[in-house]
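**Student:** Handing over my_file-v5.cif, mmCIF, C-alpha atoms.
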```
data_data
#
loop_
_atom_site.label_atom_id
_atom_site.label_comp_id
_atom_site.auth_asym_id
_atom_site.auth_seq_id
_atom_site.Cartn_x
_atom_site.Cartn_y
_atom_site.Cartn_z
CA MET D 989 -7.90 14.22 21.27
CA ALA D 990 -7.45 10.46 21.71
CA THR D 991 -4.92 8.83 19.39
CA TYR D 992 -3.05 5.58 19.12
CA SER D 993 -0.04 4.77 21.27
CA PRO D 994 3.19 6.53 20.17
CA ARG D 995 4.84 3.58 18.41
CA LEU D 996 1.64 2.65 16.58
CA SER D 997 1.17 6.29 15.48
CA ARG D 998 4.72 6.40 14.18
CA LEU D 999 4.25 3.12 12.29
CA ILE D 1000 1.11 4.51 10.60
CA GLU D 1001 3.04 7.67 9.71
CA ALA D 1002 5.90 5.58 8.27
CA LEU D 1003 3.52 3.50 6.12
CA ARG D 1004 2.10 6.73 4.66
CA ARG D 1005 5.44 7.33 2.99
CA LEU D 1006 4.67 4.49 0.59
CA PRO D 1007 3.29 5.82 -2.72
CA GLY D 1008 -0.49 5.67 -3.00
CA VAL D 1009 -1.04 5.04 0.70
CA GLY D 1010 -3.28 7.53 2.53
CA PRO D 1011 -4.11 7.78 6.24
CA LYS D 1012 -6.89 5.17 6.18
CA SER D 1013 -4.88 2.59 4.24
CA ALA D 1014 -1.83 3.14 6.44
CA GLN D 1015 -4.00 2.53 9.51
CA ARG D 1016 -5.45 -0.63 8.01
CA MET D 1017 -1.95 -1.87 7.12
CA ALA D 1018 -0.60 -1.18 10.61
CA PHE D 1019 -3.55 -2.98 12.27
CA HIS D 1020 -3.17 -5.90 9.90
CA LEU D 1021 0.57 -6.23 10.54
CA LEU D 1022 0.31 -5.96 14.31
CA ASP D 1023 -2.88 -7.97 14.74
CA ARG D 1024 -2.74 -10.69 12.11
CA ASP D 1025 0.66 -10.83 10.50
CA ARG D 1026 3.50 -9.97 12.85
CA GLU D 1027 5.62 -12.48 10.99
CA GLY D 1028 4.94 -10.53 7.79
CA ALA D 1029 5.93 -7.30 9.53
CA ALA D 1030 9.22 -8.84 10.63
CA TYR D 1031 9.74 -10.18 7.11
CA LEU D 1032 9.13 -6.73 5.61
CA ARG D 1033 11.48 -5.11 8.16
CA ASP D 1034 14.27 -7.57 7.26
CA ARG D 1035 13.72 -7.30 3.51
CA LEU D 1036 13.84 -3.48 3.73
CA ALA D 1037 17.10 -3.66 5.69
CA GLU D 1038 18.58 -6.15 3.23
CA ALA D 1039 17.55 -4.13 0.15
CA LEU D 1040 18.82 -0.86 1.63
CA ASP D 1041 22.15 -2.53 2.34
CA GLY D 1042 22.66 -4.36 -0.91
CA VAL D 1043 20.64 -2.85 -3.74
CA GLY D 1044 22.34 -0.04 -5.62
CA ARG D 1045 22.20 1.47 -9.07
CA CYS D 1046 24.39 0.36 -11.94
CA PRO D 1047 26.74 3.29 -12.68
CA SER D 1048 26.38 2.63 -16.38
CA CYS D 1049 22.70 1.82 -17.09
CA ARG D 1050 21.08 3.04 -13.84
CA MET D 1051 19.20 -0.28 -13.38
CA PHE D 1052 18.89 -1.58 -9.80
CA CYS D 1053 21.69 -4.07 -9.19
CA GLU D 1054 23.43 -5.86 -6.35
CA ASP D 1055 27.07 -5.92 -5.27
CA GLY D 1056 28.03 -3.70 -8.22
CA GLN D 1057 27.20 -6.57 -10.62
CA CYS D 1058 24.76 -5.49 -13.32
CA ALA D 1059 23.27 -8.41 -15.24
CA TYR D 1060 22.50 -6.14 -18.20
CA CYS D 1061 25.89 -4.47 -18.68
CA THR D 1062 27.95 -7.41 -19.86
CA VAL D 1063 30.70 -7.35 -22.48
CA GLN D 1064 28.52 -9.40 -24.88
CA ARG D 1065 25.67 -6.89 -24.63
CA ALA D 1066 28.04 -3.94 -25.13
CA ALA D 1067 29.29 -5.63 -28.30
CA SER D 1068 25.83 -5.25 -29.87
CA GLY D 1069 26.41 -1.50 -30.10
CA GLN D 1070 22.79 -0.82 -29.14
CA ILE D 1071 21.34 1.04 -26.15
CA CYS D 1072 17.63 0.86 -25.39
CA ALA D 1073 16.28 3.75 -23.28
CA VAL D 1074 13.34 2.79 -21.02
CA GLU D 1075 11.43 4.70 -18.35
CA SER D 1076 11.50 2.15 -15.55
CA PRO D 1077 13.06 -1.13 -14.40
CA ALA D 1078 9.68 -2.77 -15.08
CA ASP D 1079 9.89 -1.74 -18.75
CA LEU D 1080 13.38 -3.24 -18.97
CA VAL D 1081 12.14 -6.56 -17.59
CA ALA D 1082 9.13 -6.51 -19.96
CA ILE D 1083 11.37 -5.98 -23.01
CA GLU D 1084 13.84 -8.60 -21.82
CA ASN D 1085 11.05 -11.17 -21.39
CA GLY D 1086 8.97 -10.26 -24.42
CA THR D 1087 11.55 -9.64 -27.13
CA SER D 1088 14.79 -11.14 -28.37
CA TYR D 1089 16.68 -7.85 -27.80
CA ARG D 1090 19.94 -8.56 -26.00
CA GLY D 1091 21.75 -5.22 -26.18
CA ARG D 1092 22.39 -2.73 -23.41
CA TYR D 1093 19.80 -0.59 -21.64
CA PHE D 1094 19.54 2.85 -20.13
CA VAL D 1095 16.93 3.19 -17.36
CA LEU D 1096 15.71 6.79 -17.07
CA MET D 1097 13.80 6.18 -13.80
CA GLY D 1098 11.08 8.59 -14.89
CA ARG D 1099 10.27 10.89 -17.78
CA LEU D 1100 10.80 14.57 -18.46
CA SER D 1101 8.26 16.53 -16.44
CA PRO D 1102 9.51 20.04 -15.66
CA LEU D 1103 6.44 20.86 -13.52
CA ASP D 1104 7.36 18.01 -11.16
CA GLY D 1105 11.00 19.08 -11.14
CA VAL D 1106 12.13 16.21 -13.36
CA GLY D 1107 14.63 17.56 -15.89
CA PRO D 1108 17.39 15.93 -17.98
CA GLU D 1109 19.66 15.84 -14.93
CA GLN D 1110 17.24 13.71 -12.86
CA LEU D 1111 17.00 11.21 -15.72
CA GLY D 1112 20.79 10.90 -15.92
CA LEU D 1113 20.86 12.21 -19.49
CA ASP D 1114 24.35 13.68 -18.98
CA LEU D 1115 25.57 10.12 -18.36
CA LEU D 1116 23.78 8.85 -21.48
CA GLY D 1117 25.21 11.80 -23.41
CA ARG D 1118 28.76 10.81 -22.40
CA GLN D 1119 28.09 7.21 -23.46
CA LEU D 1120 26.81 8.35 -26.86
CA ALA D 1121 29.70 10.80 -27.27
CA GLY D 1122 32.20 8.09 -26.30
CA GLY D 1123 31.04 5.96 -29.24
CA GLU D 1124 29.73 3.19 -26.98
CA ALA D 1125 26.69 2.72 -29.19
CA GLN D 1126 25.78 2.93 -32.86
CA GLU D 1127 22.02 2.88 -32.24
CA LEU D 1128 19.79 4.35 -29.57
CA ILE D 1129 16.42 2.56 -29.35
CA ILE D 1130 13.81 4.74 -27.66
CA ALA D 1131 11.19 2.74 -25.75
CA THR D 1132 9.51 5.43 -23.61
CA ASN D 1133 5.76 5.21 -23.10
CA PRO D 1134 3.50 6.92 -25.64
CA SER D 1135 2.19 9.43 -23.07
CA VAL D 1136 2.64 13.21 -23.37
CA GLU D 1137 5.71 13.22 -21.13
CA GLY D 1138 7.02 10.03 -22.71
CA GLU D 1139 6.78 11.64 -26.16
CA ALA D 1140 8.60 14.76 -24.94
CA THR D 1141 11.32 12.57 -23.45
CA ALA D 1142 11.59 10.62 -26.71
CA TYR D 1143 11.97 13.86 -28.66
CA TYR D 1144 14.72 15.07 -26.31
CA LEU D 1145 16.56 11.74 -26.50
CA ALA D 1146 16.35 11.71 -30.30
CA GLU D 1147 17.80 15.23 -30.54
CA MET D 1148 20.61 14.25 -28.20
CA ALA D 1149 21.50 11.12 -30.15
CA ARG D 1150 21.45 13.01 -33.48
CA ALA D 1151 23.79 15.64 -32.02
CA HIS D 1152 26.27 12.84 -31.35
CA GLY D 1153 25.79 11.29 -34.78
CA VAL D 1154 24.13 8.15 -33.38
CA LYS D 1155 21.31 6.41 -35.26
CA VAL D 1156 17.98 6.74 -33.45
CA THR D 1157 15.04 4.36 -33.67
CA ARG D 1158 11.77 4.17 -31.79
CA ILE D 1159 9.70 1.07 -31.04
CA ALA D 1160 6.54 0.96 -33.18
CA HIS D 1161 3.20 2.21 -31.88
CA GLY D 1162 0.02 1.01 -33.50
CA VAL D 1163 -2.81 -1.46 -33.28
CA PRO D 1164 -1.94 -4.12 -30.66
CA MET D 1165 -1.83 -7.78 -31.75
CA GLY D 1166 -5.25 -9.38 -31.37
CA GLY D 1167 -6.87 -5.96 -31.21
CA GLU D 1168 -9.85 -5.05 -33.39
CA LEU D 1169 -9.71 -1.86 -35.46
CA GLU D 1170 -13.27 -1.04 -34.48
CA TYR D 1171 -12.36 -0.78 -30.82
CA VAL D 1172 -8.93 0.85 -31.09
CA ASP D 1173 -8.87 4.50 -29.96
CA SER D 1174 -8.47 7.13 -32.68
CA GLY D 1175 -5.03 8.30 -31.45
CA THR D 1176 -3.59 4.81 -31.76
CA LEU D 1177 -5.27 4.32 -35.16
CA ALA D 1178 -3.87 7.62 -36.46
CA HIS D 1179 -0.43 6.58 -35.22
CA ALA D 1180 -0.74 3.17 -36.86
CA PHE D 1181 -1.78 4.78 -40.16
CA SER D 1182 1.00 7.33 -40.34
CA GLY D 1183 3.51 4.68 -39.30
CA ARG D 1184 2.52 2.15 -41.99
CA THR D 1185 5.33 0.04 -43.46
CA ALA D 1186 5.85 -1.47 -46.92
CA VAL D 1187 5.09 -5.21 -47.12
CA MET G 611 12.74 -15.34 -17.67
CA ALA G 612 14.41 -12.09 -16.60
CA THR G 613 13.49 -10.79 -13.17
CA TYR G 614 14.80 -8.28 -10.69
CA SER G 615 17.86 -8.93 -8.54
CA PRO G 616 17.21 -11.29 -5.59
CA ARG G 617 16.98 -8.65 -2.83
CA LEU G 618 14.71 -6.43 -4.90
CA SER G 619 12.46 -9.41 -5.73
CA ARG G 620 12.24 -10.31 -2.06
CA LEU G 621 11.39 -6.71 -1.10
CA ILE G 622 8.56 -6.67 -3.67
CA GLU G 623 7.31 -9.98 -2.28
CA ALA G 624 7.44 -8.61 1.28
CA LEU G 625 5.46 -5.48 0.33
CA ARG G 626 2.76 -7.72 -1.16
CA ARG G 627 1.98 -8.94 2.34
CA LEU G 628 0.47 -5.55 3.11
CA PRO G 629 -3.34 -5.63 2.74
CA GLY G 630 -4.61 -4.24 -0.56
CA VAL G 631 -1.20 -4.30 -2.24
CA GLY G 632 -0.95 -6.33 -5.47
CA PRO G 633 2.13 -7.13 -7.58
CA LYS G 634 2.10 -3.84 -9.53
CA SER G 635 1.70 -1.64 -6.43
CA ALA G 636 4.39 -3.58 -4.57
CA GLN G 637 6.75 -3.03 -7.49
CA ARG G 638 5.96 0.69 -7.59
CA MET G 639 6.51 0.96 -3.84
CA ALA G 640 9.84 -0.86 -4.00
CA PHE G 641 11.09 1.33 -6.88
CA HIS G 642 9.94 4.46 -5.06
CA LEU G 643 11.66 3.47 -1.81
CA LEU G 644 14.94 2.46 -3.46
CA ASP G 645 15.07 5.20 -6.08
CA ARG G 646 13.54 8.26 -4.42
CA ASP G 647 13.07 7.70 -0.71
CA ARG G 648 15.75 5.52 0.84
CA GLU G 649 15.43 7.60 3.98
CA GLY G 650 11.71 6.71 4.07
CA ALA G 651 12.59 3.03 3.64
CA ALA G 652 14.99 3.21 6.58
CA TYR G 653 12.34 5.05 8.61
CA LEU G 654 9.75 2.37 7.84
CA ARG G 655 12.22 -0.40 8.72
CA ASP G 656 12.94 1.21 12.11
CA ARG G 657 9.29 1.95 12.89
CA LEU G 658 8.37 -1.66 12.08
CA ALA G 659 11.10 -2.93 14.39
CA GLU G 660 10.03 -0.55 17.16
CA ALA G 661 6.34 -1.44 16.86
CA LEU G 662 7.03 -5.18 16.78
CA ASP G 663 9.12 -4.81 19.91
CA GLY G 664 6.86 -2.59 21.93
CA VAL G 665 3.25 -2.75 20.76
CA GLY G 666 1.16 -5.50 22.33
CA ARG G 667 -2.48 -6.13 23.07
CA CYS G 668 -4.17 -5.19 26.34
CA PRO G 669 -5.06 -8.47 28.06
CA SER G 670 -8.35 -6.97 29.20
CA CYS G 671 -9.78 -4.93 26.28
CA ARG G 672 -7.61 -6.23 23.38
CA MET G 673 -6.72 -2.67 22.27
CA PHE G 674 -3.17 -2.09 21.05
CA CYS G 675 -1.07 -0.80 23.92
CA GLU G 676 2.56 -0.29 24.89
CA ASP G 677 4.58 -1.61 27.81
CA GLY G 678 1.48 -3.34 29.22
CA GLN G 679 -0.08 0.07 29.98
CA CYS G 680 -3.56 0.40 28.48
CA ALA G 681 -4.86 3.97 28.47
CA TYR G 682 -8.46 2.73 28.28
CA CYS G 683 -8.46 0.22 31.15
CA THR G 684 -8.07 2.56 34.11
CA VAL G 685 -9.74 2.17 37.52
CA GLN G 686 -11.91 5.26 36.83
CA ARG G 687 -13.23 3.78 33.60
CA ALA G 688 -13.91 0.42 35.24
CA ALA G 689 -15.96 2.24 37.88
CA SER G 690 -18.45 3.30 35.19
CA GLY G 691 -19.64 -0.29 34.95
CA GLN G 692 -19.96 0.00 31.18
CA ILE G 693 -18.20 -1.89 28.39
CA CYS G 694 -18.49 -0.73 24.79
CA ALA G 695 -17.80 -3.43 22.17
CA VAL G 696 -16.27 -2.10 18.92
CA GLU G 697 -14.94 -3.82 15.83
CA SER G 698 -11.59 -2.06 15.48
CA PRO G 699 -9.12 0.24 17.23
CA ALA G 700 -10.17 2.97 14.77
CA ASP G 701 -13.78 2.71 16.02
CA LEU G 702 -12.57 3.06 19.62
CA VAL G 703 -10.66 6.24 18.76
CA ALA G 704 -13.68 7.62 16.84
CA ILE G 705 -16.00 7.07 19.84
CA GLU G 706 -13.44 8.47 22.24
CA ASN G 707 -13.06 11.63 20.14
CA GLY G 708 -16.67 12.07 19.11
CA THR G 709 -18.62 11.28 22.26
CA SER G 710 -18.39 11.90 25.99
CA TYR G 711 -18.35 8.16 26.74
CA ARG G 712 -15.59 7.40 29.23
CA GLY G 713 -16.24 3.78 30.18
CA ARG G 714 -14.28 0.68 29.22
CA TYR G 715 -14.02 -0.85 25.77
CA PHE G 716 -13.74 -4.27 24.24
CA VAL G 717 -12.05 -4.35 20.83
CA LEU G 718 -13.20 -7.37 18.80
CA MET G 719 -10.56 -6.87 16.07
CA GLY G 720 -13.02 -8.06 13.45
CA ARG G 721 -16.56 -9.32 13.18
CA LEU G 722 -18.14 -12.77 13.07
CA SER G 723 -17.59 -14.21 9.62
CA PRO G 724 -17.59 -18.02 9.68
CA LEU G 725 -16.75 -18.27 5.97
CA ASP G 726 -13.48 -16.41 6.62
CA GLY G 727 -12.77 -18.54 9.67
CA VAL G 728 -13.61 -15.76 12.13
CA GLY G 729 -15.65 -17.25 14.97
CA PRO G 730 -16.29 -16.17 18.58
CA GLU G 731 -12.87 -17.44 19.59
CA GLN G 732 -11.00 -15.16 17.14
CA LEU G 733 -12.93 -12.16 18.51
CA GLY G 734 -11.97 -13.00 22.09
CA LEU G 735 -15.59 -13.49 23.10
CA ASP G 736 -14.60 -16.04 25.76
CA LEU G 737 -12.63 -13.25 27.46
CA LEU G 738 -15.59 -10.87 27.21
CA GLY G 739 -17.85 -13.64 28.53
CA ARG G 740 -15.65 -14.05 31.61
CA GLN G 741 -15.73 -10.29 32.20
CA LEU G 742 -19.54 -10.22 31.98
CA ALA G 743 -19.83 -13.33 34.18
CA GLY G 744 -17.45 -11.77 36.72
CA GLY G 745 -19.80 -8.83 37.20
CA GLU G 746 -17.28 -6.31 35.85
CA ALA G 747 -20.01 -4.46 33.95
CA GLN G 748 -23.68 -3.63 34.35
CA GLU G 749 -24.12 -2.55 30.72
CA LEU G 750 -22.75 -3.76 27.42
CA ILE G 751 -22.95 -1.12 24.69
CA ILE G 752 -22.78 -2.66 21.24
CA ALA G 753 -21.16 -0.41 18.64
CA THR G 754 -20.47 -2.81 15.77
CA ASN G 755 -20.98 -1.55 12.23
CA PRO G 756 -24.45 -1.92 10.67
CA SER G 757 -23.21 -4.37 8.02
CA VAL G 758 -24.49 -7.93 7.68
CA GLU G 759 -21.59 -9.37 9.69
CA GLY G 760 -21.73 -6.49 12.16
CA GLU G 761 -25.43 -7.19 12.78
CA ALA G 762 -24.74 -10.89 13.31
CA THR G 763 -21.96 -10.02 15.74
CA ALA G 764 -24.28 -7.61 17.58
CA TYR G 765 -26.94 -10.34 17.88
CA TYR G 766 -24.39 -12.80 19.26
CA LEU G 767 -23.06 -10.26 21.78
CA ALA G 768 -26.58 -9.36 22.92
CA GLU G 769 -27.46 -13.03 23.54
CA MET G 770 -24.24 -13.48 25.49
CA ALA G 771 -24.84 -10.45 27.69
CA ARG G 772 -28.45 -11.49 28.37
CA ALA G 773 -27.26 -14.95 29.39
CA HIS G 774 -25.12 -13.26 32.05
CA GLY G 775 -27.93 -10.95 33.15
CA VAL G 776 -26.16 -7.84 31.86
CA LYS G 777 -28.15 -4.96 30.34
CA VAL G 778 -27.50 -4.61 26.60
CA THR G 779 -27.82 -1.44 24.54
CA ARG G 780 -26.95 -0.66 20.97
CA ILE G 781 -25.93 2.71 19.53
CA ALA G 782 -28.71 4.24 17.42
CA HIS G 783 -28.83 3.83 13.66
CA GLY G 784 -30.84 6.23 11.58
CA VAL G 785 -30.68 9.37 9.48
CA PRO G 786 -27.25 11.02 9.96
CA MET G 787 -27.14 14.59 11.29
CA GLY G 788 -27.25 17.07 8.41
CA GLY G 789 -28.58 14.36 6.10
CA GLU G 790 -31.68 14.91 3.97
CA LEU G 791 -34.48 12.33 4.09
CA GLU G 792 -34.83 12.51 0.34
CA TYR G 793 -31.30 11.22 -0.21
CA VAL G 794 -31.06 8.69 2.62
CA ASP G 795 -31.12 5.05 1.46
CA SER G 796 -34.23 3.03 2.17
CA GLY G 797 -32.53 0.62 4.60
CA THR G 798 -31.38 3.48 6.81
CA LEU G 799 -34.80 5.15 6.61
CA ALA G 800 -36.58 1.92 7.59
CA HIS G 801 -34.18 1.56 10.51
CA ALA G 802 -34.77 5.15 11.58
CA PHE G 803 -38.56 4.64 11.42
CA SER G 804 -38.70 1.46 13.42
CA GLY G 805 -36.25 2.91 15.93
CA ARG G 806 -38.26 6.10 16.54
CA THR G 807 -38.22 7.44 20.08
CA ALA G 808 -40.80 9.37 22.15
CA VAL G 809 -40.12 13.12 22.37
#
```
Is it possible to express this structure as structure tokens?

**Tutor:**
Amino acid sequence: MATYSPRLSRLIEALRRLPGVGPKSAQRMAFHLLDRDREGAAYLRDRLAEALDGVGRCPSCRMFCEDGQCAYCTVQRAASGQICAVESPADLVAIENGTSYRGRYFVLMGRLSPLDGVGPEQLGLDLLGRQLAGGEAQELIIATNPSVEGEATAYYLAEMARAHGVKVTRIAHGVPMGGELEYVDSGTLAHAFSGRTAV
Amino acid sequence: MATYSPRLSRLIEALRRLPGVGPKSAQRMAFHLLDRDREGAAYLRDRLAEALDGVGRCPSCRMFCEDGQCAYCTVQRAASGQICAVESPADLVAIENGTSYRGRYFVLMGRLSPLDGVGPEQLGLDLLGRQLAGGEAQELIIATNPSVEGEATAYYLAEMARAHGVKVTRIAHGVPMGGELEYVDSGTLAHAFSGRTAV
């Protein structure tokens, strides 16, 4: 059975470890890097080395941070008495850019999914529990995604906060701005209806 | 505008240089590597370094090779007097594994596509021309893909070989083995009809 040379085979195998990359894509990536973009390959190698060296997790909010300095765990933010729980770093950045919220965050890095082996421990909920018990926050804002697992996670978080006597809120789900009722799916519409507010 | 920490941003940017990877995928890959698979990230970094160091191109057939040793440019293969032109290293491996052909190869690393800036020079056709002119082969077997660009490339190669008085052949295109006529597309069927052989 003919194959590629050993180093090329190992590079293809290494690229397959990226999420969503199968054997054909990994092959295409390896060919591209070695044939057309060796500079890009060197750049990726150096950026991986640099990130592995310097990027860690904030011990308090679990967001990616560098040199132990978390931009989202400042004294000013702690003073707000609010913690917003999000599923991923991308959600944190979206909230930071799209809203005027300037409190603290807690990045779960996933959602409860027992079948995939993701339980409260993997989401760092013991750490969040200690923060809530320690009186670090007066309000927990739940901003998990409205998927089945996201809802389960939200329910778990709400129970946890209530057990510690902390106020729990959830970001609103309903008809998106600019959306037309006619084209909104029934689940969203039902949610919007039951979550109506007085004007 | 909130963004990720500098090293994380640069890693996401580096991952975007991979073909077929957009901003969202690059972000997902970076999070996965830093959150769940740091070992995989280190493995990829080392494999990239190793491949950049050791993997080159054969000066004769343009296939990827290591330490200047090309497994497909041996004296025995040269003795066959045949050169098979393929578009990519993957095509070479497919022919090597699927057929009993044991002659030499010429890997174009692409196909003629003037709009994308891929001309004869980018495909190394001057090198192939010198090999044909030098009498290194008595037959050029064209195995480019039956796409529009592949056909154009095949036409160009055939003209070149004829100019050097070298016999040109093309691998057969027609109904695939196990295929049913009823479900074969009309282009393939027309090709199979006009390319019928005496039995």

**Student:** Work out how far apart atom CA of G:Ser615 and atom CA of G:Gln637 are and give it in Å to one decimal.

**Tutor:**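 Taking atom CA of G:Ser615 and atom CA of G:Gln637, their separation equals 12.6 Å.
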
**Student:** With 8 Å as the limit and counting all atoms listed in the file, what residues in chain D lie close to chain G? Please list them as a PyMOL selection string.

**Tutor:** chain D and resi 989-993+995-996+998-999+1002-1003+1005-1007+1016-1017+1020-1023+1026+1028-1040+1042-1043+1052-1054+1081+1084-1085+1097

**Student:** As a check of understanding, name the residues that the PyMOL selection byres ((chain G and resi 765) around 12) selects in the supplied structure, as an MDAnalysis selection string.

**Tutor:** chainID G and resid 721:722 752:754 756 758:764 766:772 778:780

**Student:** Leaving out G:Arg672 and any residue of its chain fewer than 3 positions from it, which residues lie within 8 Å of it when counting only C-alpha atoms, given as number ranges by chain?

**Tutor:** G: 667-669, 716-719

**Student:** Would you put the residues from that selection into a file with C-alpha atoms, as an mmCIF file, keeping the file's coordinate frame?

**Tutor:**
```cif
data_model
loop_
_atom_site.group_PDB
_atom_site.id
_atom_site.type_symbol
_atom_site.label_atom_id
_atom_site.label_comp_id
_atom_site.auth_asym_id
_atom_site.auth_seq_id
_atom_site.Cartn_x
_atom_site.Cartn_y
_atom_site.Cartn_z
ATOM 1 C CA ARG G 667 -2.480 -6.130 23.070
ATOM 2 C CA CYS G 668 -4.170 -5.190 26.340
ATOM 3 C CA PRO G 669 -5.060 -8.470 28.060
ATOM 4 C CA PHE G 716 -13.740 -4.270 24.240
ATOM 5 C CA VAL G 717 -12.050 -4.350 20.830
ATOM 6 C CA LEU G 718 -13.200 -7.370 18.800
ATOM 7 C CA MET G 719 -10.560 -6.870 16.070
#
```

**Student:** Evaluate the PyMOL selection byres ((chain G and resi 693) around 9) against this structure - the residues, as a list in words, please.

**Tutor:**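 Taken over the shown coordinates, the PyMOL selection byres ((chain G and resi 693) around 9) returns Ala688, Ser690, Gly691, Gln692, Cys694, Ala695, Gly713, Arg714, Tyr715, Phe716, Glu746, Ala747, Gln748, Glu749, Leu750, Ile751 and Ile752 of chain G.
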
**Student:** In Å to one decimal, how far is atom CA of D:Gly1105 from atom CA of D:Lys1155?

**Tutor:**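 Computing it gives 29.1 Å between the two atoms.
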
**Student:** How many Å separate atom CA of G:Gly720 from atom CA of G:Leu799?

**Tutor:**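 Answer for the atom CA of G:Gly720 to atom CA of G:Leu799 separation: 26.4 Å.
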
**Student:** Might I get the box with edges along x, y and z of the file that holds all atoms of stretch 1115-1131 of chain D listed there, padded by 6 Å on every side, given as centre and edge lengths in Å to one decimal, as lines of an AutoDock Vina configuration file?

**Tutor:**
```
center_x = 21.7
center_y = 7.2
center_z = -25.6
size_x = 33.0
size_y = 21.2
size_z = 26.5
```
